[in-house]
file coords25.cif (mmCIF, C-alpha atoms)
data_my_file
loop_
_atom_site.label_atom_id
_atom_site.label_comp_id
_atom_site.auth_asym_id
_atom_site.auth_seq_id
_atom_site.Cartn_x
_atom_site.Cartn_y
_atom_site.Cartn_z
CA MET I 1 0.00 0.00 0.00
CA VAL I 2 1.32 3.45 -0.92
CA THR I 3 1.41 5.82 2.06
CA ALA I 4 1.39 9.58 2.35
CA GLU I 5 5.00 9.43 3.51
CA ASP I 6 6.00 7.47 0.41
CA LEU I 7 4.49 10.16 -1.77
CA ARG I 8 5.92 13.00 0.30
CA ASN I 9 9.44 11.60 -0.06
CA ARG I 10 9.26 10.10 -3.54
CA THR I 11 12.64 10.18 -5.32
CA GLN I 12 12.54 11.46 -8.89
CA THR I 13 12.81 8.93 -11.69
CA TYR I 14 14.71 10.49 -14.60
CA TYR I 15 14.27 9.87 -18.29
CA ASP I 16 17.79 8.45 -18.27
CA ASP I 17 16.71 5.78 -15.77
CA VAL I 18 14.04 4.19 -17.97
CA GLU I 19 14.78 1.82 -20.81
CA VAL I 20 12.32 0.46 -23.36
CA GLY I 21 10.98 -2.80 -22.00
CA ASN I 22 11.24 -1.73 -18.38
CA GLU I 23 8.27 -2.51 -16.18
CA MET I 24 7.41 0.29 -13.81
CA PRO I 25 6.66 -0.43 -10.13
CA PRO I 26 3.07 -1.71 -9.95
CA LEU I 27 0.29 -0.55 -7.64
CA VAL I 28 -1.78 -3.32 -6.06
CA ILE I 29 -5.30 -2.48 -4.93
CA GLY I 30 -7.66 -4.89 -3.23
CA PRO I 31 -9.41 -7.05 -2.53
CA ILE I 32 -12.14 -4.68 -3.70
CA THR I 33 -15.26 -4.81 -1.54
CA PRO I 34 -18.84 -3.62 -2.12
CA THR I 35 -17.99 -0.79 0.27
CA HIS I 36 -15.16 0.45 -1.93
CA ILE I 37 -17.47 0.42 -4.94
CA PHE I 38 -20.26 2.16 -3.06
CA ARG I 39 -17.83 4.76 -1.70
CA TRP I 40 -16.89 5.73 -5.24
CA SER I 41 -20.54 5.99 -6.34
CA ALA I 42 -21.27 8.22 -3.38
CA ALA I 43 -18.15 10.35 -3.94
CA ILE I 44 -19.07 11.24 -7.50
CA GLU I 45 -22.84 10.97 -7.13
CA ASN I 46 -23.17 8.16 -9.66
CA TRP I 47 -26.54 6.56 -8.96
CA HIS I 48 -26.39 3.75 -11.51
CA ARG I 49 -27.82 0.80 -9.60
CA ILE I 50 -25.44 -1.78 -11.06
CA HIS I 51 -22.81 -0.35 -8.71
CA TYR I 52 -24.59 -0.76 -5.37
CA ASP I 53 -27.88 -2.65 -5.79
CA GLN I 54 -26.89 -6.31 -6.00
CA SER I 55 -30.41 -7.60 -6.69
CA TYR I 56 -30.79 -5.14 -9.56
CA ALA I 57 -27.34 -5.96 -10.94
CA VAL I 58 -27.84 -9.73 -10.83
CA TYR I 59 -31.55 -10.26 -11.49
CA HIS I 60 -32.37 -7.29 -13.69
CA GLU I 61 -29.13 -6.77 -15.57
CA GLY I 62 -27.85 -10.37 -15.53
CA LEU I 63 -24.47 -9.37 -14.13
CA PRO I 64 -22.40 -11.61 -11.86
CA ASN I 65 -22.41 -9.02 -9.05
CA ILE I 66 -22.29 -5.27 -8.61
CA LEU I 67 -19.53 -3.78 -10.76
CA ALA I 68 -16.70 -1.37 -10.08
CA GLN I 69 -17.24 1.77 -12.12
CA GLY I 70 -15.46 2.65 -15.34
CA SER I 71 -15.10 6.14 -13.89
CA TRP I 72 -13.21 4.67 -10.92
CA LYS I 73 -10.82 2.93 -13.27
CA GLN I 74 -10.34 6.13 -15.25
CA SER I 75 -9.37 7.86 -12.02
CA ILE I 76 -7.03 5.14 -10.77
CA LEU I 77 -4.84 5.06 -13.88
CA PRO I 78 -3.97 8.81 -13.80
CA ARG I 79 -3.37 8.51 -10.07
CA TYR I 80 -0.88 5.67 -10.68
CA LEU I 81 0.88 7.53 -13.49
CA LYS I 82 1.10 10.65 -11.31
CA ASP I 83 2.82 8.63 -8.62
CA LEU I 84 5.36 7.31 -11.15
CA CYS I 85 6.28 10.88 -12.11
CA LEU I 86 6.58 12.46 -8.67
CA PRO I 87 7.83 14.88 -7.69
CA ASP I 88 8.65 16.84 -10.85
CA GLY I 89 7.67 14.75 -13.87
CA TRP I 90 4.32 14.92 -15.60
CA ALA I 91 1.68 12.30 -16.37
CA TRP I 92 0.63 13.88 -19.65
CA LYS I 93 -1.90 11.58 -21.27
CA VAL I 94 -3.49 8.19 -21.00
CA SER I 95 -6.07 6.34 -23.05
CA PHE I 96 -7.66 3.00 -22.28
CA GLN I 97 -10.58 0.74 -22.97
CA HIS I 98 -12.93 -0.92 -20.54
CA ARG I 99 -12.82 -4.69 -21.01
CA ALA I 100 -13.35 -7.17 -18.20
CA MET I 101 -15.56 -6.38 -15.23
CA ILE I 102 -14.19 -5.73 -11.74
CA VAL I 103 -16.38 -7.23 -9.01
CA PRO I 104 -16.11 -7.53 -5.23
CA GLY I 105 -13.30 -9.86 -4.23
CA ASP I 106 -11.04 -8.84 -7.09
CA THR I 107 -7.50 -7.63 -6.49
CA ILE I 108 -6.12 -5.31 -9.15
CA THR I 109 -2.55 -4.75 -10.21
CA VAL I 110 -2.11 -1.41 -11.94
CA TRP I 111 0.93 -1.67 -14.22
CA ALA I 112 2.94 0.11 -16.87
CA ALA I 113 5.73 -0.96 -19.20
CA ALA I 114 7.89 1.32 -21.33
CA THR I 115 7.39 0.82 -25.07
CA GLY I 116 9.26 3.85 -26.35
CA LYS I 117 11.27 6.89 -25.30
CA TYR I 118 12.30 10.09 -27.04
CA GLU I 119 13.61 13.55 -26.27
CA LYS I 120 11.80 16.63 -27.43
CA GLU I 121 12.37 20.27 -26.55
CA GLY I 122 14.75 19.20 -23.80
CA LEU I 123 12.26 16.90 -22.08
CA GLY I 124 12.12 13.12 -21.85
CA PHE I 125 8.98 11.40 -23.10
CA ILE I 126 8.21 7.79 -22.15
CA ASP I 127 5.48 5.88 -23.97
CA LEU I 128 3.88 3.17 -21.89
CA ASP I 129 1.53 0.26 -22.21
CA VAL I 130 -0.69 0.40 -19.14
CA GLY I 131 -3.46 -1.62 -17.62
CA MET I 132 -5.27 -2.93 -14.61
CA ARG I 133 -4.84 -6.70 -14.29
CA LEU I 134 -7.03 -8.95 -12.20
CA GLN I 135 -5.69 -11.70 -9.93
CA SER I 136 -6.67 -14.13 -12.70
CA ASP I 137 -4.30 -12.26 -15.10
CA ILE I 138 -7.30 -10.98 -17.07
CA GLU I 139 -6.66 -7.44 -18.28
CA THR I 140 -9.57 -5.14 -17.46
CA CYS I 141 -8.31 -1.86 -18.77
CA PRO I 142 -5.65 -2.01 -21.50
CA GLY I 143 -4.29 1.30 -22.66
CA LYS I 144 -1.46 3.59 -23.67
CA ALA I 145 0.09 6.50 -21.82
CA THR I 146 2.82 9.09 -22.21
CA ILE I 147 4.67 10.49 -19.23
CA VAL I 148 7.27 13.24 -19.23
CA LEU I 149 10.36 12.92 -17.06
CA PRO I 150 13.21 15.36 -16.54
CA ILE I 151 16.53 14.54 -18.19
CA ARG I 152 19.51 14.58 -15.82
CA GLY I 153 21.14 17.97 -16.19
CA GLY I 154 18.27 19.13 -18.40
CA ARG I 155 15.54 21.70 -17.94
CA PRO I 156 12.65 21.23 -15.52
CA VAL I 157 9.37 19.88 -16.83
CA PRO I 158 7.24 23.04 -17.18
CA TYR I 159 4.26 23.62 -14.96
CA PRO I 160 1.60 24.13 -16.22
CA PHE I 161 2.62 21.51 -18.73
CA VAL I 162 3.07 22.69 -22.30
CA ALA I 163 2.70 20.03 -24.97
CA PRO I 164 5.58 19.91 -27.44
CA ALA I 165 4.98 21.35 -30.88
CA ALA I 166 3.62 18.79 -33.31
CA LYS I 167 6.09 17.53 -35.92
CA MET Q 168 -16.59 -4.90 -35.18
CA ALA Q 169 -17.92 -4.19 -38.65
CA GLU Q 170 -19.01 -0.68 -39.59
CA THR Q 171 -22.70 -0.19 -40.30
CA LYS Q 172 -24.90 2.81 -41.01
CA GLY Q 173 -28.31 1.49 -40.03
CA VAL Q 174 -28.49 3.20 -36.66
CA LEU Q 175 -26.50 6.25 -37.77
CA SER Q 176 -29.29 8.48 -39.02
CA ASP Q 177 -28.73 11.84 -40.68
CA ASP Q 178 -29.94 13.54 -37.49
CA ILE Q 179 -27.31 11.72 -35.48
CA ARG Q 180 -24.57 12.32 -38.05
CA ALA Q 181 -25.37 16.03 -37.95
CA LEU Q 182 -24.36 16.10 -34.29
CA ILE Q 183 -20.70 15.38 -35.07
CA GLY Q 184 -18.76 18.54 -34.25
CA VAL Q 185 -21.65 20.14 -32.37
CA ALA Q 186 -20.44 21.88 -29.21
CA ALA Q 187 -22.37 22.75 -26.09
CA GLU Q 188 -22.12 26.11 -24.44
CA LYS Q 189 -19.28 26.59 -22.00
CA ALA Q 190 -20.67 26.24 -18.50
CA GLU Q 191 -19.48 26.22 -14.94
CA ALA Q 192 -18.99 22.63 -13.82
CA SER Q 193 -18.25 23.40 -10.18
CA LEU Q 194 -20.78 24.61 -7.67
CA PRO Q 195 -20.47 28.33 -6.86
CA TRP Q 196 -17.85 27.74 -4.15
CA GLY Q 197 -15.50 25.99 -6.56
CA VAL Q 198 -13.05 23.26 -5.62
CA GLU Q 199 -13.33 22.74 -1.89
CA ARG Q 200 -11.45 20.73 0.67
CA GLU Q 201 -14.18 18.34 1.82
CA GLY Q 202 -15.18 17.24 -1.67
CA LEU Q 203 -11.51 16.73 -2.46
CA ARG Q 204 -11.04 14.60 0.68
CA ILE Q 205 -13.96 12.35 -0.22
CA PHE Q 206 -12.77 12.01 -3.81
CA THR Q 207 -9.13 11.20 -3.07
CA GLN Q 208 -10.08 8.70 -0.39
CA ALA Q 209 -12.37 6.96 -2.89
CA ILE Q 210 -9.40 6.51 -5.24
CA MET Q 211 -7.28 5.51 -2.24
CA ASP Q 212 -4.71 8.21 -2.93
CA PRO Q 213 -3.12 9.48 0.30
CA ASP Q 214 -0.96 12.06 -1.52
CA PRO Q 215 -0.32 15.00 0.86
CA ARG Q 216 -0.43 17.35 -2.13
CA TYR Q 217 -4.20 17.01 -1.76
CA TRP Q 218 -4.52 17.83 1.95
CA ASP Q 219 -1.33 19.03 3.66
CA ASP Q 220 -1.10 22.81 3.26
CA ALA Q 221 2.45 23.13 4.57
CA PHE Q 222 3.81 20.38 2.36
CA ALA Q 223 1.82 21.43 -0.71
CA ARG Q 224 3.29 24.93 -0.46
CA THR Q 225 6.76 23.43 -0.97
CA THR Q 226 5.78 21.66 -4.20
CA LYS Q 227 5.72 23.06 -7.71
CA PHE Q 228 1.99 23.57 -7.27
CA GLY Q 229 2.49 26.09 -4.49
CA GLY Q 230 -0.55 24.88 -2.57
CA ILE Q 231 -3.15 22.17 -2.32
CA VAL Q 232 -4.32 20.80 -5.64
CA ALA Q 233 -6.93 18.33 -6.84
CA PRO Q 234 -6.49 15.49 -9.31
CA PRO Q 235 -7.33 16.89 -12.77
CA ILE Q 236 -9.85 14.11 -13.40
CA TYR Q 237 -11.78 15.50 -10.42
CA CYS Q 238 -13.00 18.23 -12.80
CA SER Q 239 -15.01 15.69 -14.74
CA TYR Q 240 -17.17 14.75 -11.74
CA LEU Q 241 -18.04 18.24 -10.52
CA ASP Q 242 -21.01 18.74 -12.81
CA ARG Q 243 -22.69 15.57 -11.48
CA LYS Q 244 -23.30 17.26 -8.17
CA ILE Q 245 -26.80 18.43 -7.46
CA ALA Q 246 -26.85 22.05 -6.37
CA PRO Q 247 -28.60 22.76 -3.06
CA GLY Q 248 -32.08 24.12 -3.59
CA SER Q 249 -32.49 22.55 -7.00
CA ASP Q 250 -34.98 19.88 -7.98
CA ASP Q 251 -33.99 16.41 -6.80
CA PRO Q 252 -33.55 14.38 -9.99
CA VAL Q 253 -33.03 11.11 -8.10
CA THR Q 254 -36.43 11.26 -6.41
CA ARG Q 255 -38.13 12.45 -9.57
CA ALA Q 256 -36.59 9.69 -11.71
CA PHE Q 257 -37.82 6.94 -9.38
CA GLN Q 258 -41.26 8.52 -9.01
CA GLU Q 259 -41.59 8.45 -12.78
CA ASP Q 260 -40.17 4.94 -13.11
CA PRO Q 261 -39.73 2.76 -10.02
CA GLU Q 262 -37.56 0.45 -12.13
CA CYS Q 263 -35.26 3.30 -13.16
CA ASP Q 264 -31.68 2.14 -13.59
CA GLY Q 265 -30.49 5.11 -11.60
CA ILE Q 266 -28.62 6.74 -14.44
CA GLY Q 267 -30.66 7.18 -17.63
CA GLY Q 268 -33.78 8.62 -16.06
CA VAL Q 269 -31.81 10.63 -13.57
CA LYS Q 270 -29.63 12.25 -16.19
CA GLU Q 271 -32.47 12.98 -18.55
CA SER Q 272 -34.36 14.76 -15.81
CA VAL Q 273 -31.57 17.25 -15.32
CA ASP Q 274 -31.59 20.23 -17.63
CA ARG Q 275 -28.03 21.38 -17.14
CA PRO Q 276 -26.33 24.30 -18.80
CA GLY Q 277 -23.49 23.00 -20.89
CA ALA Q 278 -25.19 19.71 -21.70
CA LEU Q 279 -24.86 18.39 -25.23
CA PRO Q 280 -28.08 17.80 -27.13
CA PRO Q 281 -29.24 14.20 -26.70
CA VAL Q 282 -28.48 11.66 -29.40
CA PRO Q 283 -31.84 10.74 -30.95
CA THR Q 284 -31.62 6.95 -30.78
CA GLU Q 285 -33.79 4.15 -29.49
CA LEU Q 286 -30.68 2.34 -28.26
CA LYS Q 287 -31.09 2.57 -24.51
CA ARG Q 288 -28.27 0.52 -23.02
CA ILE Q 289 -25.20 2.58 -22.14
CA LEU Q 290 -21.70 1.15 -21.79
CA ASN Q 291 -18.39 2.88 -21.20
CA GLY Q 292 -16.27 2.21 -24.27
CA GLY Q 293 -13.04 3.89 -23.30
CA ASN Q 294 -11.44 7.13 -22.25
CA GLU Q 295 -8.55 9.40 -23.09
CA ILE Q 296 -7.25 12.09 -20.76
CA GLU Q 297 -4.71 14.84 -21.39
CA VAL Q 298 -3.52 16.78 -18.36
CA TYR Q 299 -2.02 20.28 -18.32
CA LYS Q 300 -2.62 21.83 -14.92
CA TYR Q 301 -4.03 20.76 -11.56
CA PRO Q 302 -7.05 22.56 -10.11
CA ARG Q 303 -6.38 24.41 -6.86
CA LEU Q 304 -8.62 24.89 -3.87
CA GLY Q 305 -11.09 27.64 -4.64
CA ASP Q 306 -10.75 27.31 -8.40
CA ARG Q 307 -13.97 27.59 -10.34
CA ILE Q 308 -14.06 24.94 -13.04
CA PHE Q 309 -15.69 25.35 -16.44
CA SER Q 310 -16.34 22.76 -19.09
CA GLN Q 311 -17.18 22.75 -22.75
CA ALA Q 312 -18.21 19.54 -24.47
CA ARG Q 313 -18.56 18.62 -28.11
CA TYR Q 314 -19.38 15.51 -30.08
CA ALA Q 315 -15.99 14.58 -31.50
CA ASP Q 316 -17.23 11.53 -33.40
CA ILE Q 317 -20.20 9.19 -33.72
CA LYS Q 318 -19.85 5.85 -35.47
CA ALA Q 319 -22.16 2.91 -36.03
CA ARG Q 320 -20.79 -0.54 -35.42
CA GLN Q 321 -22.08 -4.08 -35.67
CA THR Q 322 -21.21 -6.53 -32.94
CA LYS Q 323 -20.36 -10.19 -33.46
CA ASP Q 324 -23.94 -11.19 -32.65
CA GLY Q 325 -25.20 -8.96 -35.43
CA SER Q 326 -26.79 -6.26 -33.29
CA GLU Q 327 -26.09 -2.64 -34.06
CA MET Q 328 -24.66 -0.05 -31.74
CA LEU Q 329 -23.43 3.50 -31.71
CA VAL Q 330 -20.01 4.56 -30.47
CA ILE Q 331 -20.33 8.17 -29.37
CA THR Q 332 -17.13 10.07 -28.55
CA THR Q 333 -17.39 13.33 -26.68
CA GLU Q 334 -14.50 15.68 -25.98
CA THR Q 335 -14.74 17.90 -22.93
CA THR Q 336 -12.25 20.65 -22.16
CA TYR Q 337 -11.99 21.78 -18.55
CA THR Q 338 -10.67 25.24 -17.75
CA ASN Q 339 -10.33 27.36 -14.64
CA GLN Q 340 -11.56 30.89 -13.93
CA ASP Q 341 -8.50 32.25 -15.76
CA ASP Q 342 -9.35 30.21 -18.85
CA GLU Q 343 -6.31 28.00 -18.36
CA VAL Q 344 -6.80 24.49 -19.73
CA LEU Q 345 -6.64 21.94 -16.93
CA CYS Q 346 -7.41 18.77 -18.79
CA ILE Q 347 -9.17 17.38 -21.84
CA LEU Q 348 -11.27 14.25 -21.52
CA ARG Q 349 -12.44 12.15 -24.45
CA ALA Q 350 -15.04 9.58 -23.56
CA SER Q 351 -16.51 6.90 -25.80
CA ILE Q 352 -19.96 5.72 -24.88
CA ILE Q 353 -21.54 2.68 -26.48
CA ARG Q 354 -25.29 2.73 -27.03
CA ARG Q 355 -26.82 -0.62 -27.91
#

call {"tool": "encode", "arguments": {"input": "coords25.cif", "output": "structure tokens"}}
result
Amino acid sequence: MVTAEDLRNRTQTYYDDVEVGNEMPPLVIGPITPTHIFRWSAAIENWHRIHYDQSYAVYHEGLPNILAQGSWKQSILPRYLKDLCLPDGWAWKVSFQHRAMIVPGDTITVWAAATGKYEKEGLGFIDLDVGMRLQSDIETCPGKATIVLPIRGGRPVPYPFVAPAAK
Amino acid sequence: MAETKGVLSDDIRALIGVAAEKAEASLPWGVEREGLRIFTQAIMDPDPRYWDDAFARTTKFGGIVAPPIYCSYLDRKIAPGSDDPVTRAFQEDPECDGIGGVKESVDRPGALPPVPTELKRILNGGNEIEVYKYPRLGDRIFSQARYADIKARQTKDGSEMLVITTETTYTNQDDEVLCILRASIIRR
């Protein structure tokens, strides 16, 4: 489990430190409970019954159980990428699809692996495959991301972030 | 998935590129500490940049910030004093799924015009997020949505569906872009 102290004292990963093929440190979340799923629905005021009404989910919608929300997944992935970039890198963009369902009892491993790296305008860009893998190795949320890391001896990553000029 | 045009009527095709008016997504008090606490705990993120004033002041943000994706949930919140769409939706349909009827009963500024389709089932098809700046406590958040694309597709079982991609740009009170969210919704 990541703690506040971990995040307060996170040591910068530099562009120079990452090689294509590297797997980034994963984030393990779970087991997910109905309470976790309900807490998310309440937090964002999502009243879709498949997320908290088990009878509705199973008997009306034919689902195996209540489901974790796609919106929760879309919030977890940026959170994970942010952590990888702390303190001074930038989790620029991420895209992903919603595949397998997440239900109570599941444990999720949020992961990323470097598929490419390039320098542009003095900054280091890392392309990643990302996802959220179930304990059964089923991928629930395959996607792509780009993070920006400082280059040792190079300029700071600007804040607010400015996207590099298109080729 | 094979492409099909059966469910992609001219009326639906005409929506591609249509933008909603820019509207305030946050409630009048903007990004506030308690909502941020609830949100970050629900994503299990203990980052002190979201709650520790003294530490946050030492970061590049210069103060407490919120996750950029937080912007995309602000306009779901029901303003105090407004009609209660949850109660109304279930009064109108006791079997309401909790999302379709509730959403349709809310006439929000900044909402895109509905897609005129009989396809009722809604699935989340995928998302793309670009991040430029983190919201700060007190920021007022604005959003502007547009239909970026609408496609018809045929599934393996032969049924037709629509893949509707919206692009929403979130800005702060200074018109700085915070993040851009593209969301693909499947209607089938």

call {"tool": "resolve_selection", "arguments": {"input": "coords25.cif", "expression": "the PyMOL selection byres ((chain Q and resi 300) around 10)", "output": "count of residues only"}}
result
23

call {"tool": "interface_residues", "arguments": {"input": "coords25.cif", "of": "chain Q", "to": "chain I", "cutoff": "7 Å", "atoms": "only C-alpha atoms", "output": "list of chain:residue names"}}
result
Q:Ile205, Q:Phe206, Q:Ala209, Q:Ile210, Q:Pro213, Q:Asp214, Q:Pro215, Q:Ile236, Q:Tyr240, Q:Arg243, Q:Lys244, Q:Asp264, Q:Gly265, Q:Ile266, Q:Asn291, Q:Gly292, Q:Gly293, Q:Asn294, Q:Glu295, Q:Ile296, Q:Glu297, Q:Val298, Q:Tyr299, Q:Lys300

call {"tool": "resolve_selection", "arguments": {"input": "coords25.cif", "expression": "the PyMOL selection byres ((chain I and resi 121-127) around 9)", "output": "PyMOL selection string"}}
result
chain I and resi 14-16+18-20+113-120+128-129+144-151+154-157+164-165

call {"tool": "closest_residue", "arguments": {"input": "coords25.cif", "among": "I:Thr140, I:Gln54, I:Asn65, I:Asn22", "to": "Met101 (chain I)", "atoms": "all atoms listed in the file"}}
result
I:Thr140

call {"tool": "residues_around", "arguments": {"input": "coords25.cif", "residues": "Thr226 (chain Q)", "least_positions_apart": "4", "cutoff": "8 Å", "atoms": "all atoms listed in the file", "output": "mmCIF file with C-alpha atoms, in the coordinates of the input"}}
result
data_model
loop_
_atom_site.group_PDB
_atom_site.id
_atom_site.type_symbol
_atom_site.label_atom_id
_atom_site.label_comp_id
_atom_site.auth_asym_id
_atom_site.auth_seq_id
_atom_site.Cartn_x
_atom_site.Cartn_y
_atom_site.Cartn_z
ATOM 1 C CA PRO I 87 7.830 14.880 -7.690
ATOM 2 C CA ARG Q 216 -0.430 17.350 -2.130
ATOM 3 C CA PHE Q 222 3.810 20.380 2.360
ATOM 4 C CA GLY Q 230 -0.550 24.880 -2.570
#

call {"tool": "atom_distance", "arguments": {"input": "coords25.cif", "atom1": "CA of Thr11 (chain I)", "atom2": "CA of Val28 (chain I)"}}
result
19.8 Å

call {"tool": "resolve_selection", "arguments": {"input": "coords25.cif", "expression": "the PyMOL selection byres ((chain Q and resi 307-318) around 8)", "output": "MDAnalysis selection string"}}
result
chainID Q and resid 170 175 179:180 182:198 238 277:279 302 305:306 319:320 329:340

call {"tool": "atom_distance", "arguments": {"input": "coords25.cif", "atom1": "CA of Leu86 (chain I)", "atom2": "CA of Thr107 (chain I)"}}
result
24.6 Å

call {"tool": "atom_distance", "arguments": {"input": "coords25.cif", "atom1": "CA of Ser351 (chain Q)", "atom2": "CA of Met328 (chain Q)"}}
result
12.2 Å

call {"tool": "closest_residue", "arguments": {"input": "coords25.cif", "among": "Q:Ile353, Q:Leu348, Q:Leu304, Q:Ile289", "to": "Gly229 (chain Q)", "atoms": "only C-alpha atoms"}}
result
Q:Leu304

call {"tool": "closest_residue", "arguments": {"input": "coords25.cif", "among": "Q:Ala221, Q:Val253, Q:Ile231, Q:Ala181", "to": "Arg200 (chain Q)", "atoms": "only C-alpha atoms"}}
result
Q:Ile231

call {"tool": "decode", "arguments": {"input": "coords25.cif", "residues": "region 32-39 of chain I", "atoms": "all heavy atoms", "output": "PDB file, in the first residue's frame"}}
result
ATOM      1  N   ILE I  32     -11.082  -5.678  -3.615  1.00  0.00           N
ATOM      2  CA  ILE I  32     -12.143  -4.680  -3.700  1.00  0.00           C
ATOM      3  C   ILE I  32     -13.400  -5.226  -3.019  1.00  0.00           C
ATOM      4  O   ILE I  32     -13.758  -6.396  -3.209  1.00  0.00           O
ATOM      5  CB  ILE I  32     -12.445  -4.354  -5.172  1.00  0.00           C
ATOM      6  CG1 ILE I  32     -11.202  -3.731  -5.850  1.00  0.00           C
ATOM      7  CG2 ILE I  32     -13.651  -3.447  -5.311  1.00  0.00           C
ATOM      8  CD1 ILE I  32     -10.790  -2.408  -5.277  1.00  0.00           C
ATOM      9  N   THR I  33     -14.040  -4.393  -2.238  1.00  0.00           N
ATOM     10  CA  THR I  33     -15.263  -4.805  -1.538  1.00  0.00           C
ATOM     11  C   THR I  33     -16.455  -3.994  -2.058  1.00  0.00           C
ATOM     12  O   THR I  33     -16.265  -2.953  -2.704  1.00  0.00           O
ATOM     13  CB  THR I  33     -15.131  -4.534  -0.029  1.00  0.00           C
ATOM     14  OG1 THR I  33     -15.097  -3.114   0.166  1.00  0.00           O
ATOM     15  CG2 THR I  33     -13.857  -5.160   0.539  1.00  0.00           C
ATOM     16  N   PRO I  34     -17.677  -4.443  -1.765  1.00  0.00           N
ATOM     17  CA  PRO I  34     -18.843  -3.623  -2.120  1.00  0.00           C
ATOM     18  C   PRO I  34     -18.749  -2.214  -1.528  1.00  0.00           C
ATOM     19  O   PRO I  34     -19.229  -1.245  -2.117  1.00  0.00           O
ATOM     20  CB  PRO I  34     -20.016  -4.403  -1.526  1.00  0.00           C
ATOM     21  CG  PRO I  34     -19.545  -5.821  -1.503  1.00  0.00           C
ATOM     22  CD  PRO I  34     -18.075  -5.741  -1.179  1.00  0.00           C
ATOM     23  N   THR I  35     -18.108  -2.109  -0.371  1.00  0.00           N
ATOM     24  CA  THR I  35     -17.994  -0.795   0.270  1.00  0.00           C
ATOM     25  C   THR I  35     -17.103   0.146  -0.531  1.00  0.00           C
ATOM     26  O   THR I  35     -17.402   1.333  -0.669  1.00  0.00           O
ATOM     27  CB  THR I  35     -17.446  -0.970   1.709  1.00  0.00           C
ATOM     28  OG1 THR I  35     -18.212  -1.983   2.366  1.00  0.00           O
ATOM     29  CG2 THR I  35     -17.536   0.318   2.484  1.00  0.00           C
ATOM     30  N   HIS I  36     -16.005  -0.385  -1.071  1.00  0.00           N
ATOM     31  CA  HIS I  36     -15.158   0.451  -1.930  1.00  0.00           C
ATOM     32  C   HIS I  36     -15.953   0.958  -3.135  1.00  0.00           C
ATOM     33  O   HIS I  36     -15.844   2.117  -3.531  1.00  0.00           O
ATOM     34  CB  HIS I  36     -13.960  -0.353  -2.451  1.00  0.00           C
ATOM     35  CG  HIS I  36     -12.935  -0.667  -1.410  1.00  0.00           C
ATOM     36  ND1 HIS I  36     -12.790  -1.919  -0.855  1.00  0.00           N
ATOM     37  CD2 HIS I  36     -11.994   0.105  -0.824  1.00  0.00           C
ATOM     38  CE1 HIS I  36     -11.800  -1.908   0.015  1.00  0.00           C
ATOM     39  NE2 HIS I  36     -11.305  -0.685   0.072  1.00  0.00           N
ATOM     40  N   ILE I  37     -16.722   0.057  -3.731  1.00  0.00           N
ATOM     41  CA  ILE I  37     -17.474   0.421  -4.938  1.00  0.00           C
ATOM     42  C   ILE I  37     -18.553   1.440  -4.594  1.00  0.00           C
ATOM     43  O   ILE I  37     -18.737   2.439  -5.295  1.00  0.00           O
ATOM     44  CB  ILE I  37     -18.074  -0.846  -5.587  1.00  0.00           C
ATOM     45  CG1 ILE I  37     -16.934  -1.769  -6.046  1.00  0.00           C
ATOM     46  CG2 ILE I  37     -18.984  -0.480  -6.749  1.00  0.00           C
ATOM     47  CD1 ILE I  37     -17.397  -3.141  -6.510  1.00  0.00           C
ATOM     48  N   PHE I  38     -19.231   1.206  -3.479  1.00  0.00           N
ATOM     49  CA  PHE I  38     -20.261   2.159  -3.057  1.00  0.00           C
ATOM     50  C   PHE I  38     -19.648   3.514  -2.707  1.00  0.00           C
ATOM     51  O   PHE I  38     -20.203   4.575  -3.026  1.00  0.00           O
ATOM     52  CB  PHE I  38     -21.028   1.609  -1.853  1.00  0.00           C
ATOM     53  CG  PHE I  38     -21.963   2.613  -1.276  1.00  0.00           C
ATOM     54  CD1 PHE I  38     -23.144   2.931  -1.926  1.00  0.00           C
ATOM     55  CD2 PHE I  38     -21.656   3.280  -0.101  1.00  0.00           C
ATOM     56  CE1 PHE I  38     -23.998   3.888  -1.405  1.00  0.00           C
ATOM     57  CE2 PHE I  38     -22.492   4.240   0.416  1.00  0.00           C
ATOM     58  CZ  PHE I  38     -23.674   4.546  -0.237  1.00  0.00           C
ATOM     59  N   ARG I  39     -18.477   3.496  -2.077  1.00  0.00           N
ATOM     60  CA  ARG I  39     -17.835   4.764  -1.703  1.00  0.00           C
ATOM     61  C   ARG I  39     -17.559   5.610  -2.934  1.00  0.00           C
ATOM     62  O   ARG I  39     -17.730   6.831  -2.916  1.00  0.00           O
ATOM     63  CB  ARG I  39     -16.527   4.491  -0.947  1.00  0.00           C
ATOM     64  CG  ARG I  39     -15.777   5.750  -0.558  1.00  0.00           C
ATOM     65  CD  ARG I  39     -14.654   5.501   0.423  1.00  0.00           C
ATOM     66  NE  ARG I  39     -13.581   4.684  -0.144  1.00  0.00           N
ATOM     67  CZ  ARG I  39     -12.441   4.439   0.497  1.00  0.00           C
ATOM     68  NH1 ARG I  39     -12.229   4.907   1.708  1.00  0.00           N
ATOM     69  NH2 ARG I  39     -11.516   3.685  -0.067  1.00  0.00           N
TER      70      ARG I  39
END
